[in-house]
$ cat start.cif   # mmCIF, C-alpha atoms
data_structure
loop_
_atom_site.label_atom_id
_atom_site.label_comp_id
_atom_site.auth_asym_id
_atom_site.auth_seq_id
_atom_site.Cartn_x
_atom_site.Cartn_y
_atom_site.Cartn_z
CA MET D 1 24.52 20.36 8.52
CA SER D 2 24.88 20.18 4.77
CA LEU D 3 21.48 19.95 3.25
CA LYS D 4 22.70 18.87 -0.17
CA LYS D 5 23.39 15.26 -1.07
CA LYS D 6 25.22 13.85 -4.07
CA ILE D 7 23.34 11.21 -6.03
CA THR D 8 24.08 9.08 -9.08
CA LEU D 9 21.26 7.40 -10.92
CA THR D 10 20.32 6.19 -14.39
CA VAL D 11 17.52 8.12 -16.05
CA ASN D 12 16.18 6.82 -19.36
CA GLY D 13 19.44 4.99 -19.99
CA SER D 14 21.82 7.84 -19.17
CA VAL D 15 23.88 8.15 -16.00
CA VAL D 16 23.03 11.33 -14.12
CA ASN D 17 25.06 12.91 -11.32
CA ALA D 18 23.42 15.59 -9.22
CA GLU D 19 23.60 17.43 -5.95
CA ILE D 20 20.19 17.99 -4.45
CA GLU D 21 18.35 18.85 -1.29
CA PRO D 22 16.86 15.74 0.39
CA ARG D 23 13.42 17.36 0.41
CA ARG D 24 13.31 17.47 -3.41
CA HIS D 25 10.92 14.81 -4.59
CA LEU D 26 11.65 12.80 -7.68
CA VAL D 27 9.22 14.52 -10.04
CA ASP D 28 10.53 18.00 -9.25
CA PHE D 29 14.02 16.67 -9.88
CA LEU D 30 12.99 15.14 -13.22
CA ARG D 31 11.01 18.17 -14.37
CA GLU D 32 13.05 21.08 -13.04
CA ASP D 33 16.60 19.72 -13.06
CA LEU D 34 16.48 17.27 -15.98
CA HIS D 35 13.75 19.09 -17.98
CA LEU D 36 11.73 15.91 -18.42
CA LYS D 37 8.23 17.36 -18.56
CA GLY D 38 6.42 14.07 -19.22
CA PRO D 39 5.71 13.19 -15.58
CA HIS D 40 3.24 15.74 -14.22
CA LEU D 41 2.58 17.10 -10.77
CA GLY D 42 -1.02 17.04 -9.66
CA CYS D 43 -1.91 16.59 -6.03
CA GLU D 44 1.51 15.89 -4.45
CA GLN D 45 -0.27 13.55 -2.03
CA GLY D 46 -0.19 10.34 -4.00
CA ALA D 47 -3.85 10.46 -4.96
CA CYS D 48 -3.88 11.47 -8.63
CA GLY D 49 -1.16 9.39 -10.31
CA ALA D 50 -0.09 12.09 -12.82
CA CYS D 51 3.48 11.79 -11.47
CA THR D 52 3.80 8.04 -12.13
CA VAL D 53 7.31 6.97 -13.22
CA LYS D 54 9.22 3.70 -13.04
CA VAL D 55 11.97 3.04 -10.51
CA ASN D 56 13.89 -0.22 -10.84
CA GLY D 57 11.22 -1.56 -13.18
CA GLN D 58 8.15 -0.79 -11.05
CA ILE D 59 5.69 2.08 -11.25
CA ILE D 60 5.76 4.47 -8.31
CA ARG D 61 4.30 7.82 -7.34
CA GLY D 62 7.03 10.31 -8.19
CA CYS D 63 5.65 12.81 -5.67
CA LEU D 64 5.87 10.30 -2.81
CA TYR D 65 9.50 9.46 -3.50
CA LEU D 66 12.55 11.60 -2.90
CA ALA D 67 15.21 12.07 -5.54
CA VAL D 68 17.78 11.20 -2.86
CA GLN D 69 16.09 7.81 -2.42
CA ALA D 70 16.72 7.13 -6.13
CA ASP D 71 20.49 7.18 -5.62
CA GLY D 72 21.80 4.09 -7.43
CA CYS D 73 18.42 3.35 -9.04
CA VAL D 74 17.20 3.05 -12.62
CA VAL D 75 14.48 5.62 -13.37
CA GLU D 76 12.34 5.57 -16.51
CA THR D 77 9.89 8.21 -17.62
CA ILE D 78 7.42 8.47 -20.50
CA GLU D 79 10.16 10.11 -22.59
CA GLY D 80 12.55 7.15 -22.30
CA LEU D 81 9.88 4.49 -22.65
CA THR D 82 8.45 6.21 -25.74
CA LYS D 83 11.88 6.37 -27.33
CA ILE D 84 12.52 2.65 -26.97
CA GLY D 85 9.01 1.82 -28.16
CA ALA D 86 8.01 0.01 -24.96
CA LEU D 87 4.60 1.67 -24.95
CA GLY D 88 4.08 1.85 -28.72
CA ASP D 89 0.95 -0.27 -28.98
CA LEU D 90 -0.60 1.31 -25.88
CA GLN D 91 0.07 4.80 -27.20
CA GLU D 92 -1.43 3.89 -30.54
CA ALA D 93 -4.51 2.41 -28.84
CA PHE D 94 -4.88 5.55 -26.69
CA MET D 95 -4.89 7.67 -29.86
CA ARG D 96 -7.31 5.39 -31.74
CA HIS D 97 -9.76 5.34 -28.83
CA ASN D 98 -9.51 9.06 -28.11
CA ALA D 99 -8.11 8.21 -24.65
CA MET D 100 -5.59 11.04 -24.64
CA GLN D 101 -8.16 13.72 -23.69
CA CYS D 102 -6.20 16.77 -22.45
CA GLY D 103 -3.13 14.61 -21.97
CA PHE D 104 -2.22 15.72 -18.46
CA CYS D 105 -2.87 12.31 -16.94
CA SER D 106 -1.77 10.31 -20.00
CA SER D 107 1.87 9.66 -19.07
CA GLY D 108 0.80 8.23 -15.73
CA MET D 109 -2.08 6.31 -17.28
CA LEU D 110 0.23 4.75 -19.86
CA LEU D 111 2.82 3.66 -17.32
CA ALA D 112 0.17 2.25 -15.00
CA ALA D 113 -1.53 0.47 -17.91
CA ALA D 114 1.78 -1.02 -19.04
CA GLU D 115 2.36 -2.58 -15.61
CA LEU D 116 -1.18 -3.98 -15.61
CA ILE D 117 -0.61 -5.58 -19.01
CA GLU D 118 2.64 -7.09 -17.72
CA LYS D 119 1.22 -8.35 -14.39
CA GLN D 120 -2.33 -9.27 -15.38
CA PRO D 121 -2.39 -10.14 -19.09
CA ASN D 122 -5.83 -11.73 -18.63
CA ALA D 123 -7.37 -8.77 -16.78
CA THR D 124 -11.10 -8.28 -17.17
CA ARG D 125 -12.67 -4.91 -17.93
CA GLU D 126 -13.61 -4.67 -14.25
CA GLU D 127 -10.01 -5.34 -13.19
CA VAL D 128 -8.75 -2.72 -15.63
CA ARG D 129 -11.14 -0.16 -14.14
CA GLU D 130 -10.03 -1.06 -10.62
CA TRP D 131 -6.33 -0.82 -11.50
CA ILE D 132 -6.64 2.46 -13.38
CA SER D 133 -8.74 4.01 -10.59
CA GLY D 134 -5.40 4.95 -9.03
CA ASN D 135 -4.92 7.53 -11.79
CA TYR D 136 -7.30 10.48 -11.92
CA CYS D 137 -8.65 11.73 -15.23
CA ARG D 138 -10.41 15.05 -14.76
CA CYS D 139 -11.76 14.96 -18.33
CA THR D 140 -13.92 12.08 -17.04
CA GLY D 141 -12.56 10.05 -19.91
CA TYR D 142 -12.11 6.69 -18.22
CA HIS D 143 -14.37 4.89 -20.67
CA SER D 144 -12.10 5.51 -23.63
CA ILE D 145 -8.99 4.83 -21.52
CA VAL D 146 -10.39 1.46 -20.44
CA ASP D 147 -11.36 0.75 -24.08
CA ALA D 148 -7.80 1.45 -25.19
CA ILE D 149 -6.24 -0.78 -22.52
CA MET D 150 -8.71 -3.58 -23.29
CA ALA D 151 -7.83 -3.32 -26.98
CA VAL D 152 -4.15 -3.89 -26.19
CA LEU D 153 -4.91 -6.78 -23.82
CA GLU D 154 -7.10 -8.41 -26.47
CA ALA D 155 -4.56 -7.89 -29.24
CA ARG D 156 -1.74 -9.30 -27.15
CA ALA D 157 -3.85 -12.29 -26.10
CA LYS D 158 -4.21 -13.10 -29.80
CA GLY D 159 -0.50 -12.62 -30.30
CA GLU D 160 -1.11 -9.50 -32.37
CA LYS D 161 0.38 -6.09 -31.90
CA ILE D 162 -1.32 -2.77 -32.59
CA LYS D 163 1.14 -1.16 -34.93
CA PRO D 164 1.78 2.52 -34.40
CA VAL D 165 0.69 4.61 -37.38
CA VAL D 166 2.62 7.62 -36.13
CA ALA D 167 6.39 7.23 -36.23
CA LEU D 168 8.04 7.20 -32.81
CA ALA D 169 9.98 10.30 -31.82
CA MET T 1 3.04 22.06 -1.42
CA LYS T 2 6.67 21.20 -0.89
CA ALA T 3 8.26 19.62 2.15
CA ALA T 4 10.25 21.78 4.57
CA ALA T 5 14.01 21.16 4.58
CA PHE T 6 15.39 18.12 6.39
CA ASP T 7 18.58 16.11 6.50
CA TYR T 8 18.78 12.53 5.24
CA ALA T 9 20.83 9.52 6.25
CA LYS T 10 20.82 5.94 5.00
CA PRO T 11 22.55 3.62 7.48
CA LYS T 12 23.63 0.15 6.38
CA MET T 13 23.28 -1.61 9.74
CA LEU T 14 20.38 -1.92 12.17
CA SER T 15 22.67 -0.93 15.06
CA ALA T 16 23.74 2.21 13.17
CA ALA T 17 20.11 3.13 12.50
CA ILE T 18 19.23 2.76 16.20
CA ALA T 19 22.27 4.86 17.18
CA LEU T 20 21.29 7.55 14.67
CA LEU T 21 17.74 7.55 15.96
CA ALA T 22 18.99 8.06 19.53
CA GLU T 23 21.33 10.83 18.43
CA ALA T 24 18.75 12.70 16.35
CA GLY T 25 16.08 12.65 19.05
CA GLU T 26 12.37 13.06 18.64
CA ASP T 27 12.61 15.20 15.50
CA ALA T 28 13.85 12.23 13.48
CA ARG T 29 11.55 10.08 11.35
CA LEU T 30 12.26 6.67 9.88
CA ILE T 31 11.46 6.29 6.21
CA ALA T 32 10.90 2.98 4.43
CA GLY T 33 8.26 3.13 1.67
CA GLY T 34 7.29 6.61 2.77
CA GLN T 35 3.85 6.40 1.17
CA THR T 36 2.17 8.12 4.09
CA LEU T 37 5.16 10.06 5.38
CA LEU T 38 5.94 11.81 2.08
CA ALA T 39 2.35 13.00 1.74
CA THR T 40 2.45 14.45 5.27
CA LEU T 41 5.83 16.09 4.54
CA ASN T 42 4.50 17.60 1.30
CA LEU T 43 1.58 19.02 3.26
CA ARG T 44 3.92 20.17 6.05
CA LEU T 45 1.86 18.29 8.59
CA SER T 46 5.20 16.91 9.72
CA GLU T 47 8.54 18.75 9.71
CA PRO T 48 11.25 16.35 10.89
CA SER T 49 14.88 17.48 11.17
CA ILE T 50 16.15 14.27 9.59
CA LEU T 51 14.84 11.27 7.69
CA ILE T 52 16.60 8.01 8.47
CA ASP T 53 16.15 5.76 5.44
CA ILE T 54 16.08 2.16 6.68
CA THR T 55 15.71 0.45 3.29
CA ASN T 56 19.30 -0.87 3.39
CA LEU T 57 18.76 -2.92 6.54
CA ASP T 58 18.86 -6.60 5.58
CA GLU T 59 17.47 -7.72 8.95
CA LEU T 60 14.16 -6.07 7.98
CA LYS T 61 13.77 -7.84 4.62
CA GLY T 62 12.16 -11.01 3.33
CA ILE T 63 9.30 -13.43 3.92
CA SER T 64 10.14 -16.84 5.38
CA VAL T 65 8.64 -19.80 7.22
CA ILE T 66 10.41 -20.85 10.40
CA GLY T 67 8.81 -23.97 11.88
CA ASN T 68 5.11 -23.17 12.16
CA GLN T 69 5.67 -19.41 12.10
CA LEU T 70 5.51 -17.07 9.14
CA ARG T 71 8.04 -14.25 9.41
CA ILE T 72 7.40 -11.06 7.45
CA GLY T 73 10.17 -8.46 7.51
CA ALA T 74 9.15 -4.88 8.17
CA LEU T 75 10.50 -3.77 4.78
CA VAL T 76 8.42 -6.25 2.78
CA THR T 77 6.31 -4.22 0.38
CA HIS T 78 2.58 -4.64 -0.18
CA THR T 79 3.41 -5.85 -3.71
CA GLU T 80 5.78 -8.51 -2.36
CA ILE T 81 2.93 -9.75 -0.16
CA GLU T 82 0.57 -9.63 -3.18
CA ASP T 83 2.96 -11.71 -5.30
CA SER T 84 4.31 -14.10 -2.63
CA LYS T 85 3.51 -17.81 -2.85
CA LEU T 86 4.44 -18.24 0.83
CA ILE T 87 1.84 -15.63 1.81
CA ALA T 88 -0.83 -17.16 -0.42
CA GLN T 89 -0.19 -20.56 1.17
CA HIS T 90 0.37 -19.63 4.81
CA ALA T 91 -1.54 -16.37 5.30
CA PRO T 92 -4.30 -16.25 2.66
CA LEU T 93 -6.05 -13.50 4.64
CA LEU T 94 -3.21 -11.14 3.72
CA LYS T 95 -3.42 -12.14 0.08
CA ALA T 96 -7.15 -11.33 0.13
CA ALA T 97 -6.59 -8.00 1.87
CA VAL T 98 -3.74 -6.62 -0.22
CA PRO T 99 -5.69 -5.50 -3.33
CA HIS T 100 -7.63 -3.13 -1.07
CA ILE T 101 -4.46 -1.21 -0.20
CA ALA T 102 -4.35 1.93 -2.34
CA HIS T 103 -3.11 1.25 -5.89
CA ARG T 104 -0.26 -0.66 -7.44
CA ALA T 105 2.16 2.30 -7.69
CA ILE T 106 1.73 2.81 -3.95
CA ARG T 107 1.82 -0.90 -3.11
CA ASN T 108 5.16 -1.12 -4.94
CA LEU T 109 6.78 1.10 -2.29
CA GLY T 110 4.63 0.99 0.85
CA THR T 111 5.69 -1.56 3.45
CA TRP T 112 4.16 -4.04 5.88
CA GLY T 113 6.16 -2.64 8.80
CA GLY T 114 5.48 0.97 7.89
CA SER T 115 1.76 0.37 7.95
CA LEU T 116 1.95 -1.40 11.32
CA ALA T 117 4.24 1.19 12.91
CA TYR T 118 2.06 4.06 11.71
CA GLY T 119 -0.94 2.44 13.37
CA ASP T 120 -3.61 3.96 11.16
CA PRO T 121 -6.92 2.52 12.41
CA ALA T 122 -8.29 2.59 8.84
CA ALA T 123 -5.41 0.54 7.42
CA GLU T 124 -5.59 -3.15 6.55
CA TRP T 125 -2.37 -4.52 8.08
CA PRO T 126 -2.92 -3.55 11.71
CA ALA T 127 -6.29 -5.35 11.60
CA CYS T 128 -4.85 -8.40 9.82
CA SER T 129 -1.93 -8.67 12.23
CA LEU T 130 -4.38 -8.60 15.13
CA ALA T 131 -6.70 -11.14 13.48
CA LEU T 132 -3.78 -13.51 12.84
CA ASN T 133 -2.35 -13.13 16.35
CA ALA T 134 0.97 -11.73 15.14
CA THR T 135 3.94 -10.95 17.36
CA MET T 136 5.97 -7.80 16.70
CA LEU T 137 9.77 -8.06 16.84
CA ILE T 138 11.21 -4.74 17.91
CA ALA T 139 14.84 -3.60 18.15
CA GLY T 140 16.05 -0.77 20.35
CA PRO T 141 19.12 0.43 22.23
CA ASN T 142 18.62 -2.30 24.85
CA GLY T 143 18.30 -5.15 22.36
CA GLU T 144 15.24 -6.89 21.01
CA ARG T 145 11.80 -7.29 22.51
CA ARG T 146 8.62 -9.00 21.38
CA ILE T 147 5.08 -7.83 21.85
CA SER T 148 1.75 -9.23 20.68
CA ALA T 149 -0.34 -7.31 18.15
CA GLN T 150 -3.00 -7.23 20.86
CA ASP T 151 -0.75 -5.03 23.03
CA PHE T 152 0.92 -3.15 20.16
CA PHE T 153 -1.91 -0.89 18.99
CA ILE T 154 -2.65 1.54 21.78
CA ASP T 155 -4.58 4.46 20.32
CA LEU T 156 -5.07 6.57 17.19
CA TYR T 157 -1.76 6.40 15.27
CA THR T 158 -0.16 5.27 18.51
CA THR T 159 1.66 2.00 19.06
CA SER T 160 3.82 0.72 21.87
CA LEU T 161 6.96 1.51 19.80
CA GLU T 162 9.28 3.83 21.74
CA PRO T 163 10.77 6.78 19.80
CA ASN T 164 14.18 5.07 19.69
CA GLU T 165 12.89 1.67 18.55
CA ILE T 166 12.52 0.06 15.13
CA LEU T 167 10.00 -2.59 14.11
CA VAL T 168 12.11 -5.38 12.57
CA ALA T 169 9.57 -8.03 11.60
CA THR T 170 6.44 -9.87 12.67
CA GLU T 171 5.83 -13.54 13.26
CA MET T 172 2.48 -15.27 13.09
CA PRO T 173 1.27 -18.86 13.17
CA ILE T 174 0.90 -20.29 9.68
CA ALA T 175 -2.64 -21.08 8.56
CA SER T 176 -3.86 -24.60 9.34
CA SER T 177 -5.80 -26.63 6.78
CA ASP T 178 -9.10 -26.08 8.63
CA GLN T 179 -8.61 -22.32 8.93
CA VAL T 180 -11.09 -20.18 7.06
CA PHE T 181 -11.11 -16.44 6.62
CA TYR T 182 -13.06 -13.53 5.21
CA PHE T 183 -11.77 -10.08 4.39
CA HIS T 184 -13.92 -7.23 3.21
CA GLU T 185 -13.93 -3.49 3.40
CA LEU T 186 -16.47 -0.91 2.37
CA ALA T 187 -14.88 2.08 0.66
CA ARG T 188 -16.14 4.98 -1.46
CA ARG T 189 -13.68 4.15 -4.24
CA HIS T 190 -11.58 1.02 -4.63
CA GLY T 191 -8.22 1.73 -3.00
CA ASP T 192 -9.51 4.44 -0.68
CA TYR T 193 -9.41 4.00 3.06
CA ALA T 194 -12.22 1.85 4.38
CA VAL T 195 -15.38 3.35 5.83
CA ALA T 196 -15.47 0.08 7.76
CA GLY T 197 -13.72 -3.26 7.31
CA LEU T 198 -13.58 -6.76 8.73
CA ALA T 199 -10.82 -9.37 8.92
CA LEU T 200 -12.38 -12.63 10.08
CA VAL T 201 -10.38 -15.76 10.88
CA ALA T 202 -11.63 -19.03 12.38
CA ASN T 203 -11.15 -22.77 12.34
CA LYS T 204 -14.06 -24.56 10.71
CA ALA T 205 -15.30 -28.14 11.04
CA GLY T 206 -18.60 -28.67 9.26
CA ASN T 207 -20.59 -25.58 10.22
CA VAL T 208 -18.88 -25.20 13.59
CA LEU T 209 -16.38 -22.38 14.08
CA SER T 210 -13.68 -22.28 16.74
CA GLU T 211 -10.77 -19.97 17.61
CA CYS T 212 -12.69 -17.11 15.96
CA THR T 213 -11.29 -13.63 15.60
CA PHE T 214 -13.58 -10.91 14.23
CA THR T 215 -11.35 -7.86 13.82
CA PHE T 216 -12.99 -4.65 12.65
CA PHE T 217 -11.06 -1.67 11.36
CA SER T 218 -11.79 1.94 10.53
CA VAL T 219 -14.50 1.97 13.19
CA GLY T 220 -12.46 2.99 16.26
CA ALA T 221 -9.11 4.44 17.33
CA THR T 222 -7.41 1.06 16.79
CA PRO T 223 -8.47 -2.15 15.11
CA VAL T 224 -10.91 -3.80 17.47
CA MET T 225 -12.08 -7.36 18.11
CA ALA T 226 -15.72 -8.26 18.71
CA THR T 227 -14.91 -10.64 21.56
CA LYS T 228 -18.50 -11.19 22.69
CA ALA T 229 -19.64 -12.03 19.17
CA GLN T 230 -16.65 -14.36 18.83
CA ALA T 231 -17.51 -16.18 22.06
CA LEU T 232 -21.13 -16.47 21.00
CA VAL T 233 -20.43 -18.47 17.84
CA GLU T 234 -17.48 -20.44 19.25
CA GLY T 235 -18.12 -24.19 19.07
CA LYS T 236 -21.71 -23.91 17.84
CA SER T 237 -23.25 -24.84 14.52
CA LEU T 238 -23.53 -21.69 12.44
CA ASN T 239 -27.07 -20.88 11.27
CA ASP T 240 -29.13 -17.77 10.52
CA ASP T 241 -30.27 -17.35 14.14
CA LEU T 242 -26.74 -17.60 15.50
CA ILE T 243 -25.51 -15.13 12.86
CA ALA T 244 -28.25 -12.66 13.86
CA SER T 245 -27.22 -12.98 17.53
CA ALA T 246 -23.55 -12.46 16.66
CA VAL T 247 -24.39 -9.38 14.58
CA ALA T 248 -26.37 -7.89 17.48
CA ALA T 249 -23.54 -8.70 19.90
CA ALA T 250 -20.89 -7.07 17.69
CA ARG T 251 -23.00 -3.93 17.24
CA GLY T 252 -23.55 -3.81 20.97
CA GLU T 253 -19.98 -4.27 22.12
CA ILE T 254 -18.04 -2.05 19.68
CA GLU T 255 -18.40 1.65 20.14
CA ALA T 256 -17.84 3.14 16.68
CA ILE T 257 -16.29 6.58 16.21
CA ALA T 258 -17.38 8.92 13.43
CA ASP T 259 -14.91 10.12 10.80
CA ILE T 260 -15.04 13.21 8.61
CA THR T 261 -17.69 11.79 6.25
CA ASN T 262 -19.38 8.96 8.16
CA SER T 263 -21.34 9.08 11.39
CA ALA T 264 -20.78 6.69 14.27
CA GLU T 265 -24.28 5.30 13.62
CA THR T 266 -23.37 4.46 10.02
CA LYS T 267 -20.26 2.64 11.16
CA GLN T 268 -22.17 0.82 13.90
CA HIS T 269 -24.60 -0.35 11.24
CA LEU T 270 -21.80 -1.42 8.87
CA ILE T 271 -20.16 -3.53 11.61
CA GLY T 272 -23.24 -5.73 11.51
CA VAL T 273 -23.44 -5.71 7.71
CA LEU T 274 -19.84 -6.89 7.42
CA LEU T 275 -20.15 -9.61 10.06
CA GLU T 276 -23.37 -10.93 8.57
CA ARG T 277 -21.81 -11.08 5.11
CA GLY T 278 -18.67 -12.71 6.51
CA LEU T 279 -20.42 -15.43 8.47
CA LYS T 280 -22.88 -16.16 5.65
CA HIS T 281 -19.94 -16.44 3.29
CA LEU T 282 -18.45 -19.12 5.56
CA ILE T 283 -21.56 -21.32 5.48
CA ALA T 284 -22.41 -20.74 1.81
#
$ encode --input "start.cif" --output "C-alpha cells"
Amino acid sequence: MSLKKKITLTVNGSVVNAEIEPRRHLVDFLREDLHLKGPHLGCEQGACGACTVKVNGQIIRGCLYLAVQADGCVVETIEGLTKIGALGDLQEAFMRHNAMQCGFCSSGMLLAAAELIEKQPNATREEVREWISGNYCRCTGYHSIVDAIMAVLEARAKGEKIKPVVALA
Amino acid sequence: MKAAAFDYAKPKMLSAAIALLAEAGEDARLIAGGQTLLATLNLRLSEPSILIDITNLDELKGISVIGNQLRIGALVTHTEIEDSKLIAQHAPLLKAAVPHIAHRAIRNLGTWGGSLAYGDPAAEWPACSLALNATMLIAGPNGERRISAQDFFIDLYTTSLEPNEILVATEMPIASSDQVFYFHELARRHGDYAVAGLALVANKAGNVLSECTFTFFSVGATPVMATKAQALVEGKSLNDDLIASAVAAARGEIEAIADITNSAETKQHLIGVLLERGLKHLIA
C-alpha cells in the first residue's frame, strides 16, 4: 500500500504539484510544504478558526480538510488574497480599530469576515458577532474586531471604500 | 495532534464505492464533508485503514422536488441547504435550523447525509428528518433499500446503516400551506452543540393543531418524539391550559440523559421550556 498520493492544485494563483500522505491536512501542507505561514494551527478540531482558508471560493477549516481532498481545487490563503487586494479595506479597518491584537487569529478572522460581507452585506452587529463567534480570539478582542467589520459593512453600504493607508505587499 | 496514517481512495461511481467498502472491511470510513471525522482522526479517536472519499458520486448530489416529495442528496452541504430556495419553500424547518449548525466555514463542507449517518443525538438534522417524517434511501451490495427516519436512528451514534451500505439521499413530504413549525435550541455559545433542542412541526387551522410532531434532541441517545404530548394537543384548540398539560406530558414521557456539563434534571426541565416556548410561538 503506497501511502503517498500525487495531487495538483492551484494555490494563490500558481499551479502546485505535490506528493503527500493522505493524513496530511491542508494547513500542514500549506505551512510546512509551501511555507505559507498565514493560516495558523490552533486546536486542530475545527473549533478555533485560526486555520481558515478558501477552497473553491468558500471558507473552510484547513485543519478539517485533507490536502489530498484539495486535488484539482483552487486554494486561497491570506497571502494570496492580500496580494490581489481582495481584503484591502478589511485589513485597513482592522488596523484602524486595533482589531489585529496579537495577530494569531487575524488571517482566519479576515477570511471569515470577507465571506460575511459577501453573503450578508446588510448584517447587523448581532449577526456579525454570531458569524465571527466561529473564530476564537484569545486576546478577548472581539469588540474591536466587530467594530472593524461593521465599519466595512457601513462603508460599502454607502458605496465607499476604506482606502488602505499602508501600501499592499 | 495529527491523524495516524491511512490510505485514501476517491471512486467515481456509487457501485465502485460500495465494492471498495466491501473490500476494505470494517476498518474503512466514508468521508464526505469530514467535519466530524477529521476532528476524530486528528485526536486519534478513530484510526481507519482507508478513507473512501464519496464526494465524486453524482447520485448523492442535489436538491430536487419529485411530485410531493423533497429529495435531498446525502452530499448536499449545510450551506447549500441554507442558500436553497427549494428548501426555504418546501422545508422551512430546515432553513430555520441550519444557522444553528456550527459556523459557516464548517457548514460549507459538512453534509446532510454525513450528519444523518453519524447519528449524533445532539445534531440538528437527525431531529429534523424525524420531525419531517423523512425516508432514508440506502445503497448496498444487494441494491437499494428505504427506511423511515423513525427506524433509522437506533442508539447513540448508531443507525440502521450496515457497514457496507451508503446513505444516498432522503425524501420527505413537502410542506403544505397550513404547516407550521418551530425550531429552537439552547446552547452555551451560538454554533455549539445544543444542551437541548426542539423541532416542532404541525398543521394548524385557527388555534387547532393536527399531525403534530414534537422532536427533541440532545436529551437522549437518539432524537426523541414526545408522542403523549403530541396526542394531547392533537385536534384541540391551543390555550395556556393545554400548553401546560402538554409540557407536563413531555417532561413525564421523555427520560433525559445527562451529558458532560448538564444534568438529566436540567435537560428534563429544558424539554418543558422549549415546548412551552414553541407552542406559545404558534398561537402568538
$ resolve_selection --input "start.cif" --expression "the PyMOL selection byres ((chain D and resi 136) around 6)" --output "ChimeraX atom specification"
/D:48,135,137
$ residues_around --input "start.cif" --residues "Ala221 (chain T)" --least-positions-apart "2" --cutoff "8 Å" --atoms "only C-alpha atoms" --output "ChimeraX atom specification"
/T:121,155-157,218-219,223,257
$ interface_residues --input "start.cif" --of "chain T" --to "chain D" --cutoff "7 Å" --atoms "all atoms listed in the file" --output "MDAnalysis selection string"
chainID T and resid 3:8 34:35 38:39 42 103 105:106 108:109 190
$ closest_residue --input "start.cif" --among "T:Asn203, T:Gln89, T:Asn56, T:Gln69" --to "Ala17 (chain T)" --atoms "only C-alpha atoms"
T:Asn56
$ resolve_selection --input "start.cif" --expression "the PyMOL selection byres ((chain D and resi 99) around 7)" --output "ChimeraX atom specification"
/D:94-95,97-98,100-101,141,144-145,148
$ resolve_selection --input "start.cif" --expression "the PyMOL selection byres ((chain T and resi 131) around 8)" --output "VMD selection string"
chain T and resid 127 to 130 132 to 134 199 to 201 213 to 215
$ write_last_selection --input "start.cif" --atoms "C-alpha atoms" --output "PDB file, in the frame of the given file"
ATOM      1  CA  ALA T 127      -6.290  -5.350  11.600  1.00  0.00           C
ATOM      2  CA  CYS T 128      -4.850  -8.400   9.820  1.00  0.00           C
ATOM      3  CA  SER T 129      -1.930  -8.670  12.230  1.00  0.00           C
ATOM      4  CA  LEU T 130      -4.380  -8.600  15.130  1.00  0.00           C
ATOM      5  CA  LEU T 132      -3.780 -13.510  12.840  1.00  0.00           C
ATOM      6  CA  ASN T 133      -2.350 -13.130  16.350  1.00  0.00           C
ATOM      7  CA  ALA T 134       0.970 -11.730  15.140  1.00  0.00           C
ATOM      8  CA  ALA T 199     -10.820  -9.370   8.920  1.00  0.00           C
ATOM      9  CA  LEU T 200     -12.380 -12.630  10.080  1.00  0.00           C
ATOM     10  CA  VAL T 201     -10.380 -15.760  10.880  1.00  0.00           C
ATOM     11  CA  THR T 213     -11.290 -13.630  15.600  1.00  0.00           C
ATOM     12  CA  PHE T 214     -13.580 -10.910  14.230  1.00  0.00           C
ATOM     13  CA  THR T 215     -11.350  -7.860  13.820  1.00  0.00           C
TER      14      THR T 215
END
$ residues_around --input "start.cif" --residues "region 173-180 of chain T" --least-positions-apart "6" --cutoff "7 Å" --atoms "all atoms listed in the file" --output "list in words"
Asn68, Gln69, Leu70, His90, Ala91, Val201, Ala202, Asn203, Lys204 and Ala205 of chain T
